[in-house]
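See below for the structure under consideration.
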Amino acid sequence: MHQQDPDEIPLSELLGNSGESVPRVVSVARQGGFGAPSIQVAKKSSSAALSEDELPLALLIGTERKKECSRRKGKVEPCRKAPKRKCERMKAEKHRKAKKLQATSTKHRAEDESIKWCSLEHNGVLFPPEYEPHGRPLLYDGCEIALPPEAEEVATFYASKLGTVYLEKETFRKNFFDDFRKTLPVDLRKRIVKLEHCDFSRIREYLDELKERKQSMPPSKRKELREAEAQRVAHYTVAIVDGRKEKVANYRVEPPGLFLGRGDHPLMGRVKRRIFPEDVTLNLGRDAPIPPCPFKGHDWGSIVHNQRVTWLACWRDPISDEYKYVWLSASSHFKAMSDQEKFEKAQQLSKHITKIRNEYTKGLESADRHTQQRSVALYLIDKLALRVGNEKGEDEADTVGCCSLRVEHITLQEPNIVQLDFLGKDSMRYFNRVRVEALVFHRLREFLKGKRVSDNVFDELKVEELNDYLKSLMPGLSAKVFRTYNASYTLDKLLHSVKTPGPDIHSRLLFYNEANKDVAVLCNHQRSLPKTHSLMLERLRDKLEESRAYLEALKMARGKAQASPDSRAQVTRWRRPVVEIPEDCSLAERKRIREEAEKRPKEKQVVNMGLASITRGIAQTQEKIRRLEADLKTRDSLATVSLSTSKINYLDPRITVAWCKRHEVPIERIFPRALQEKFMWSMGVSEDFRFPISNVVSNDPSGAST
DNA sequence: ATCGAGACTTGGAAAAATATTC
DNA sequence: GAATATTTTTCCAAGTCTCGAT
């Protein structure tokens, strides 16, 4: 749809808000059909008409499988081995069934695709509430203009972005304004022709009022509302998969709004229209009841019974035309299994890594340009943890990974320094200067020779070829596994580099975070500086200074007190004056008063203290200073590094669990609740777990089968 | 061989929840 | 006990990678 000339799109479809706007049924959208033939599209109206050939294999064998599943259900599965066996059994059985089926079927099906579930029940998805017009006008050339609800909604999206950096971007404003005008009735469209003449402040005021009202709500009321909301959505938060009750991750359908891409996205500011039931495909067990469609006069786009996938629902994103899926939560069986498989694969790589490194080092010497490029690319992926860098479309931000690096991204410096400077995933800048092996440097120089800055460095290499090659070295290996492997390997190495990581929990956590940070830096996991970062640092330094001065004063007082033990010594302390805030003033006012007070000079405070309390004070202040110093250091060094991404995606949780066990650190100090649930499968690991598995005896039988 | 659909993981920012501080 | 700081969760964009059609 985004290919269409935007002016041709009917208003109602663009906004997707009016009653008669009934988007196309998913199953007939694009490319003449939804999905490949192996995915069974049972368009509801015609599902009964599907012949046996068109039914998913799994459905035909559904009854038998169901029995087997329920038998297994009660069995407690030991951490890792059982799921794997189960998976293999399933595959084997599927294979047999597939052969049987093939004999009677004219349609050929893939035989190695595994069945993910036998029964699946859920309540569909939760749609955002209908738009409620507020009636605040747009000002055009200073004149009030009452907008029809569709236009008002889009104007309100924009108003909510006032004051953000998006509005500074030409592309954003243009895309928005083009789409906004399409929502206007003809007469208004003729009149409203320039964004600069539009004033959204009245709408913004309304949004601010809403916010203020919400903020000033008493906590009790807030809690009440929260609980009511939880009850309203409860129905959608769980699914039943093979008899297991599982949490659904994103049961909410994405609401309409302005598309906010990352970096210089050509589509930023476009209106992302509302999603309707007609857009949505539900994936359900054949026996599961079809959830009633929540909107009168509407119906689900289609219902499928696809046992080869784990999604519960999907629709196409109106902006990118990509699929959006509703998944189970990270703690679900599906996700836990694939997580385990991921780390298992990374561990496998450790057994092949020496061979692979020899292989690509040898490849550098090859006379064949293709082999050279493949080897250099793999070298960079392995050493620098780069992403592979698939091709990107024109309607996306210009970002690159290894294979899509262009000449402009690389600077070579004799004798062997390579400087990489490019925008990677999410338009995050990757900047690194590294020493590389002489031959790598040499090859890179050759690859750059005679090319324009916009040419690809690896012009003879395709991502698929690289991955095919990796598969020839180790089954199932692909480029991303190197990131997982190197991240986990590094953490394990660092955590084992020191016997005792600190005398107390605080210092041990500091040590862990340092290791975590090294991994995050390796993976280039950055975050933007929090807005109040420098302020926060300033406050910390301030506190530190204050504590140091106080310590000096205490020490001086101690001298005096020791001279005449019975008297009390005077201790001087400089502190910020206490702020007095009048009761009845607005939030903004209070904030202003506080900020004002920050600027006032410190006040002198003199107290009389006895020797005992002075001594106590010294010890306490020294401890406080130590803590502040450590805090200041870590906070500064972690300011632009995001630890969570690697923790969630790259670090084998067993490394962390084992470390916590060895050093008596409670796991919740490192994994917050959601991560503990996600990594439940790893909690039983032995404290001598190593990544990769070395010859240390592990309690993990499947992993130890080296 | 190539291409694009499709499904799944990974990513930072923003919002919400919770802890800390005065 | 309210305001603020920090942590955790949510959101949804943006990657990777496989597979089947051509």
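Labels used: A, B, ... for chains in the order of the structure tokens, numbers from 1 for residues in each chain, and numbers from 1 for ligands as shown.
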For this session: Could you list the residues in chain B lying within 8 Å of chain A, using only C-alpha atoms (C1' of nucleotides), and format the result as a ChimeraX atom specification?
Result: /B:5-7,10-12
Those same residues, written as a short mmCIF file (atom, residue, chain, number, x, y, z; two decimals), in the first residue's frame with N, CA, C and O atoms (P, O5', C5', C4', C3', O3' and C1' of nucleotides)?
data_model
loop_
_atom_site.label_atom_id
_atom_site.label_comp_id
_atom_site.auth_asym_id
_atom_site.auth_seq_id
_atom_site.Cartn_x
_atom_site.Cartn_y
_atom_site.Cartn_z
P DA B 5 7.62 -10.08 -0.98
"O5'" DA B 5 6.89 -11.24 -0.17
"C5'" DA B 5 6.57 -12.46 -0.84
"C4'" DA B 5 6.49 -13.56 0.17
"C3'" DA B 5 5.76 -13.20 1.46
"O3'" DA B 5 4.97 -14.32 1.79
"C1'" DA B 5 7.97 -13.89 1.97
P DG B 6 3.93 -14.26 2.91
"O5'" DG B 6 4.77 -14.76 4.16
"C5'" DG B 6 5.33 -16.06 4.12
"C4'" DG B 6 6.22 -16.24 5.32
"C3'" DG B 6 5.63 -15.75 6.63
"O3'" DG B 6 5.46 -16.90 7.41
"C1'" DG B 6 7.92 -15.13 6.41
P DA B 7 4.84 -16.86 8.83
"O5'" DA B 7 6.12 -16.90 9.75
"C5'" DA B 7 7.00 -18.02 9.66
"C4'" DA B 7 8.14 -17.85 10.63
"C3'" DA B 7 7.72 -17.38 12.03
"O3'" DA B 7 8.64 -17.97 12.94
"C1'" DA B 7 9.29 -15.90 11.18
P DT B 10 19.09 -13.20 19.73
"O5'" DT B 10 19.06 -11.62 19.49
"C5'" DT B 10 19.63 -11.13 18.28
"C4'" DT B 10 19.42 -9.64 18.18
"C3'" DT B 10 19.92 -8.80 19.36
"O3'" DT B 10 20.59 -7.73 18.73
"C1'" DT B 10 17.76 -8.15 18.82
P DG B 11 21.60 -6.81 19.40
"O5'" DG B 11 20.73 -5.50 19.64
"C5'" DG B 11 20.67 -4.53 18.60
"C4'" DG B 11 19.79 -3.38 19.00
"C3'" DG B 11 20.03 -2.83 20.40
"O3'" DG B 11 20.92 -1.75 20.26
"C1'" DG B 11 17.68 -2.98 19.87
P DG B 12 21.42 -0.98 21.53
"O5'" DG B 12 20.39 0.23 21.63
"C5'" DG B 12 20.29 1.13 20.53
"C4'" DG B 12 19.15 2.07 20.77
"C3'" DG B 12 19.27 2.93 22.02
"O3'" DG B 12 18.86 4.24 21.66
"C1'" DG B 12 17.26 1.67 22.12
#
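Within 7 Å of chain A, counting only C-alpha atoms (C1' of nucleotides), chain C contributes DA13, DA14 and DG15 of chain C.
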Requested write-out: N, CA and C atoms (P, O5', C5', C4', C3', O3' and C1' of nucleotides) of the selected residues, as a JSON list (two decimals), in the first residue's frame:
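Below you can see again-v9.json, which holds the result:
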[["chain", "number", "residue", "atom", "x", "y", "z"],
["C", 13, "DA", "P", 6.94, 0.71, 14.60],
["C", 13, "DA", "O5'", 8.40, 1.13, 14.14],
["C", 13, "DA", "C5'", 9.21, 1.95, 14.97],
["C", 13, "DA", "C4'", 10.64, 1.49, 14.89],
["C", 13, "DA", "C3'", 11.11, 1.09, 13.49],
["C", 13, "DA", "O3'", 12.38, 1.69, 13.33],
["C", 13, "DA", "C1'", 11.53, -0.68, 15.02],
["C", 14, "DA", "P", 13.21, 1.55, 11.99],
["C", 14, "DA", "O5'", 14.10, 0.28, 12.30],
["C", 14, "DA", "C5'", 15.19, 0.37, 13.18],
["C", 14, "DA", "C4'", 15.95, -0.93, 13.10],
["C", 14, "DA", "C3'", 16.23, -1.40, 11.67],
["C", 14, "DA", "O3'", 17.48, -2.04, 11.68],
["C", 14, "DA", "C1'", 15.13, -3.08, 12.80],
["C", 15, "DG", "P", 18.65, -1.60, 10.74],
["C", 15, "DG", "O5'", 19.65, -2.82, 10.97],
["C", 15, "DG", "C5'", 19.39, -4.07, 10.38],
["C", 15, "DG", "C4'", 19.50, -5.16, 11.41],
["C", 15, "DG", "C3'", 19.76, -6.52, 10.79],
["C", 15, "DG", "O3'", 21.15, -6.77, 10.81],
["C", 15, "DG", "C1'", 17.95, -6.64, 12.36]]
For this session: Write out as a ChimeraX atom specification which residues come within 12 Å of Asp518 of chain A when counting only C-alpha atoms (C1' of nucleotides), dropping same-chain ones fewer than 3 positions away.
Result: /A:486-495,511-515,521-526,637-638,641-643,646-647,651
Exercise. Residues at most 8 Å from segment 552-562 of chain A, counting only C-alpha atoms (C1' of nucleotides), excluding those fewer than 5 positions away in the same chain, as number ranges by chain?
Worked result: A: 567-573, 610-611, 614-615, 617-618
For this session: Please provide as an MDAnalysis selection string all residues within 12 Å of DT22 of chain C, with the sequence filter that same-chain residues fewer than 6 positions apart are discarded (counting only C-alpha atoms (C1' of nucleotides)).
Result: chainID B and resid 1:4
For this session: Among the residues of segment 114-302 of chain A, find those DSSP assigns to helix (DSSP H, G or I) from the backbone and print them as a PyMOL selection string.
Result: chain A and resi 149-159+165-168+170-182+186-191+195-197+201-215+219-236+277-279
With C-alpha atoms retained, could you export that selection as a compact mmCIF listing (two decimals), in the first residue's frame?
# COMPACT_ATOMS: atom_id res chain seq x y z
CA PRO A 149 -12.35 13.65 14.10
CA GLU A 150 -10.10 11.85 11.60
CA ALA A 151 -8.00 14.95 11.02
CA GLU A 152 -8.10 15.93 14.65
CA GLU A 153 -6.67 12.58 15.63
CA VAL A 154 -3.73 12.98 13.27
CA ALA A 155 -3.18 16.58 14.36
CA THR A 156 -3.11 15.34 17.93
CA PHE A 157 -0.42 12.80 17.07
CA TYR A 158 1.65 15.71 15.84
CA ALA A 159 0.88 17.93 18.79
CA VAL A 165 13.77 16.52 17.85
CA TYR A 166 11.49 14.89 15.32
CA LEU A 167 9.97 18.22 14.46
CA GLU A 168 13.37 19.53 13.53
CA GLU A 170 12.39 18.14 7.37
CA THR A 171 11.43 14.64 6.30
CA PHE A 172 9.31 14.16 9.36
CA ARG A 173 7.39 17.38 8.89
CA LYS A 174 6.88 16.81 5.20
CA ASN A 175 5.69 13.22 5.59
CA PHE A 176 3.38 14.22 8.35
CA PHE A 177 1.92 17.16 6.53
CA ASP A 178 1.32 15.17 3.35
CA ASP A 179 -0.56 12.53 5.29
CA PHE A 180 -2.34 15.07 7.46
CA ARG A 181 -3.74 16.89 4.46
CA LYS A 182 -5.16 13.66 3.15
CA VAL A 186 -11.65 19.06 0.37
CA ASP A 187 -12.44 22.61 1.44
CA LEU A 188 -9.97 22.50 4.31
CA ARG A 189 -7.39 20.83 2.18
CA LYS A 190 -7.53 23.75 -0.19
CA ARG A 191 -7.09 26.15 2.67
CA LEU A 195 2.65 23.46 7.85
CA GLU A 196 4.36 26.63 9.03
CA HIS A 197 0.98 28.28 9.24
CA SER A 201 -0.66 24.67 20.56
CA ARG A 202 -4.33 24.52 21.53
CA ILE A 203 -4.31 20.79 21.01
CA ARG A 204 -1.06 20.58 22.88
CA GLU A 205 -2.60 22.40 25.81
CA TYR A 206 -5.25 19.73 25.95
CA LEU A 207 -2.63 17.00 26.04
CA ASP A 208 -0.77 18.82 28.79
CA GLU A 209 -3.97 19.12 30.78
CA LEU A 210 -4.50 15.38 30.48
CA LYS A 211 -0.99 14.74 31.65
CA GLU A 212 -1.27 17.12 34.56
CA ARG A 213 -4.53 15.53 35.62
CA LYS A 214 -2.91 12.13 35.55
CA GLN A 215 0.12 13.30 37.47
CA PRO A 219 -1.63 7.26 44.52
CA SER A 220 -4.66 5.40 45.78
CA LYS A 221 -6.70 6.42 42.76
CA ARG A 222 -3.80 5.56 40.53
CA LYS A 223 -3.56 2.11 41.99
CA GLU A 224 -7.28 1.63 41.59
CA LEU A 225 -7.11 2.51 37.92
CA ARG A 226 -4.15 0.24 37.42
CA GLU A 227 -5.98 -2.68 38.91
CA ALA A 228 -9.07 -2.03 36.87
CA GLU A 229 -6.96 -1.97 33.73
CA ALA A 230 -5.25 -5.22 34.69
CA GLN A 231 -8.64 -6.82 35.05
CA ARG A 232 -9.80 -5.50 31.71
CA VAL A 233 -6.84 -7.00 29.87
CA ALA A 234 -6.49 -10.21 31.89
CA HIS A 235 -8.44 -12.11 29.28
CA TYR A 236 -5.81 -11.43 26.63
CA PRO A 277 -9.84 -6.98 12.96
CA GLU A 278 -9.92 -7.44 9.18
CA ASP A 279 -6.16 -6.86 9.15
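Closest to Leu386 of chain A among A:Ser332, A:Thr411, A:Asn608, A:Thr484 is A:Thr484, based on only C-alpha atoms.
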For this session: Between atom CA of Lys342 of chain A and atom CA of Trp117 of chain A, measure the distance and give it in Å to one decimal.
Result: 19.7 Å
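For Asp636 of chain A, the non-local neighbours within 12 Å, defined as residues at least 3 positions apart in the same chain or in other chains and counting only C-alpha atoms (C1' of nucleotides), are Leu529, Pro530, His533, Ser534, Leu535, Met536, Leu537, Glu538, Leu540, Arg541, Leu628, Glu629, Ala630, Asp631, Leu632, Lys633, Ala639, Thr640 and Val641 of chain A.
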Hey, can you spit out that residue selection with N, CA, C and O atoms as a CSV table (one decimal), in the first residue's frame?
chain,number,residue,atom,x,y,z
A,529,LEU,N,22.9,9.5,26.3
A,529,LEU,CA,23.1,10.1,27.6
A,529,LEU,C,21.8,10.4,28.2
A,529,LEU,O,21.0,11.2,27.6
A,530,PRO,N,21.4,9.9,29.4
A,530,PRO,CA,20.2,10.4,30.0
A,530,PRO,C,20.2,11.9,30.2
A,530,PRO,O,21.3,12.5,30.4
A,533,HIS,N,22.0,13.4,33.1
A,533,HIS,CA,23.3,12.8,33.5
A,533,HIS,C,24.3,13.7,34.1
A,533,HIS,O,24.8,13.5,35.2
A,534,SER,N,24.6,14.8,33.4
A,534,SER,CA,25.6,15.7,33.9
A,534,SER,C,25.2,16.3,35.3
A,534,SER,O,26.0,16.5,36.2
A,535,LEU,N,23.9,16.6,35.4
A,535,LEU,CA,23.4,17.1,36.6
A,535,LEU,C,23.6,16.1,37.7
A,535,LEU,O,24.0,16.4,38.9
A,536,MET,N,23.3,14.8,37.4
A,536,MET,CA,23.5,13.8,38.4
A,536,MET,C,25.0,13.7,38.8
A,536,MET,O,25.2,13.5,40.0
A,537,LEU,N,25.9,13.7,37.9
A,537,LEU,CA,27.3,13.7,38.2
A,537,LEU,C,27.7,14.8,39.1
A,537,LEU,O,28.4,14.7,40.1
A,538,GLU,N,27.2,16.0,38.7
A,538,GLU,CA,27.5,17.2,39.5
A,538,GLU,C,27.0,17.0,40.9
A,538,GLU,O,27.8,17.4,41.9
A,540,LEU,N,26.6,14.3,42.5
A,540,LEU,CA,27.5,13.3,43.2
A,540,LEU,C,28.8,13.9,43.6
A,540,LEU,O,29.2,13.7,44.8
A,541,ARG,N,29.4,14.7,42.7
A,541,ARG,CA,30.6,15.3,43.1
A,541,ARG,C,30.5,16.3,44.2
A,541,ARG,O,31.3,16.4,45.1
A,628,LEU,N,30.8,6.8,47.3
A,628,LEU,CA,30.5,7.8,46.4
A,628,LEU,C,31.5,7.8,45.2
A,628,LEU,O,31.2,8.0,44.1
A,629,GLU,N,32.8,7.6,45.6
A,629,GLU,CA,33.8,7.6,44.6
A,629,GLU,C,33.6,6.4,43.6
A,629,GLU,O,33.7,6.6,42.4
A,630,ALA,N,33.3,5.3,44.1
A,630,ALA,CA,33.0,4.1,43.3
A,630,ALA,C,31.8,4.4,42.4
A,630,ALA,O,31.9,4.1,41.2
A,631,ASP,N,30.8,5.0,42.9
A,631,ASP,CA,29.6,5.3,42.2
A,631,ASP,C,29.9,6.3,41.1
A,631,ASP,O,29.4,6.0,39.9
A,632,LEU,N,30.6,7.3,41.4
A,632,LEU,CA,30.9,8.3,40.4
A,632,LEU,C,31.7,7.7,39.2
A,632,LEU,O,31.4,7.9,38.1
A,633,LYS,N,32.6,6.8,39.6
A,633,LYS,CA,33.4,6.2,38.5
A,633,LYS,C,32.6,5.3,37.6
A,633,LYS,O,32.6,5.4,36.4
A,639,ALA,N,27.8,5.5,31.4
A,639,ALA,CA,26.9,6.5,31.0
A,639,ALA,C,26.3,6.2,29.6
A,639,ALA,O,25.1,6.3,29.4
A,640,THR,N,27.2,5.9,28.7
A,640,THR,CA,26.7,5.7,27.3
A,640,THR,C,26.7,4.2,26.9
A,640,THR,O,26.6,3.9,25.7
A,641,VAL,N,26.8,3.3,27.9
A,641,VAL,CA,26.8,1.9,27.6
A,641,VAL,C,25.6,1.2,28.1
A,641,VAL,O,25.2,1.5,29.3
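With only C-alpha atoms (C1' of nucleotides) as the basis for measurement, A:Leu675 is the residue among A:Val253, A:Met217, A:Leu675, A:Leu509 that approaches DT9 of chain C most closely.
A straight line drawn from atom CA of Lys661 of chain A to atom CA of Glu687 of chain A is 5.6 Å long.
Atom CA of Lys451 of chain A is positioned 25.6 Å from atom CA of Lys362 of chain A.
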For this session: Excluding Gln419 of chain A and any residue of its chain fewer than 3 positions from it, enumerate the residues within 9 Å of it, using only C-alpha atoms (C1' of nucleotides), and give them as a VMD selection string.
Result: chain A and resid 409 to 413 431 to 435
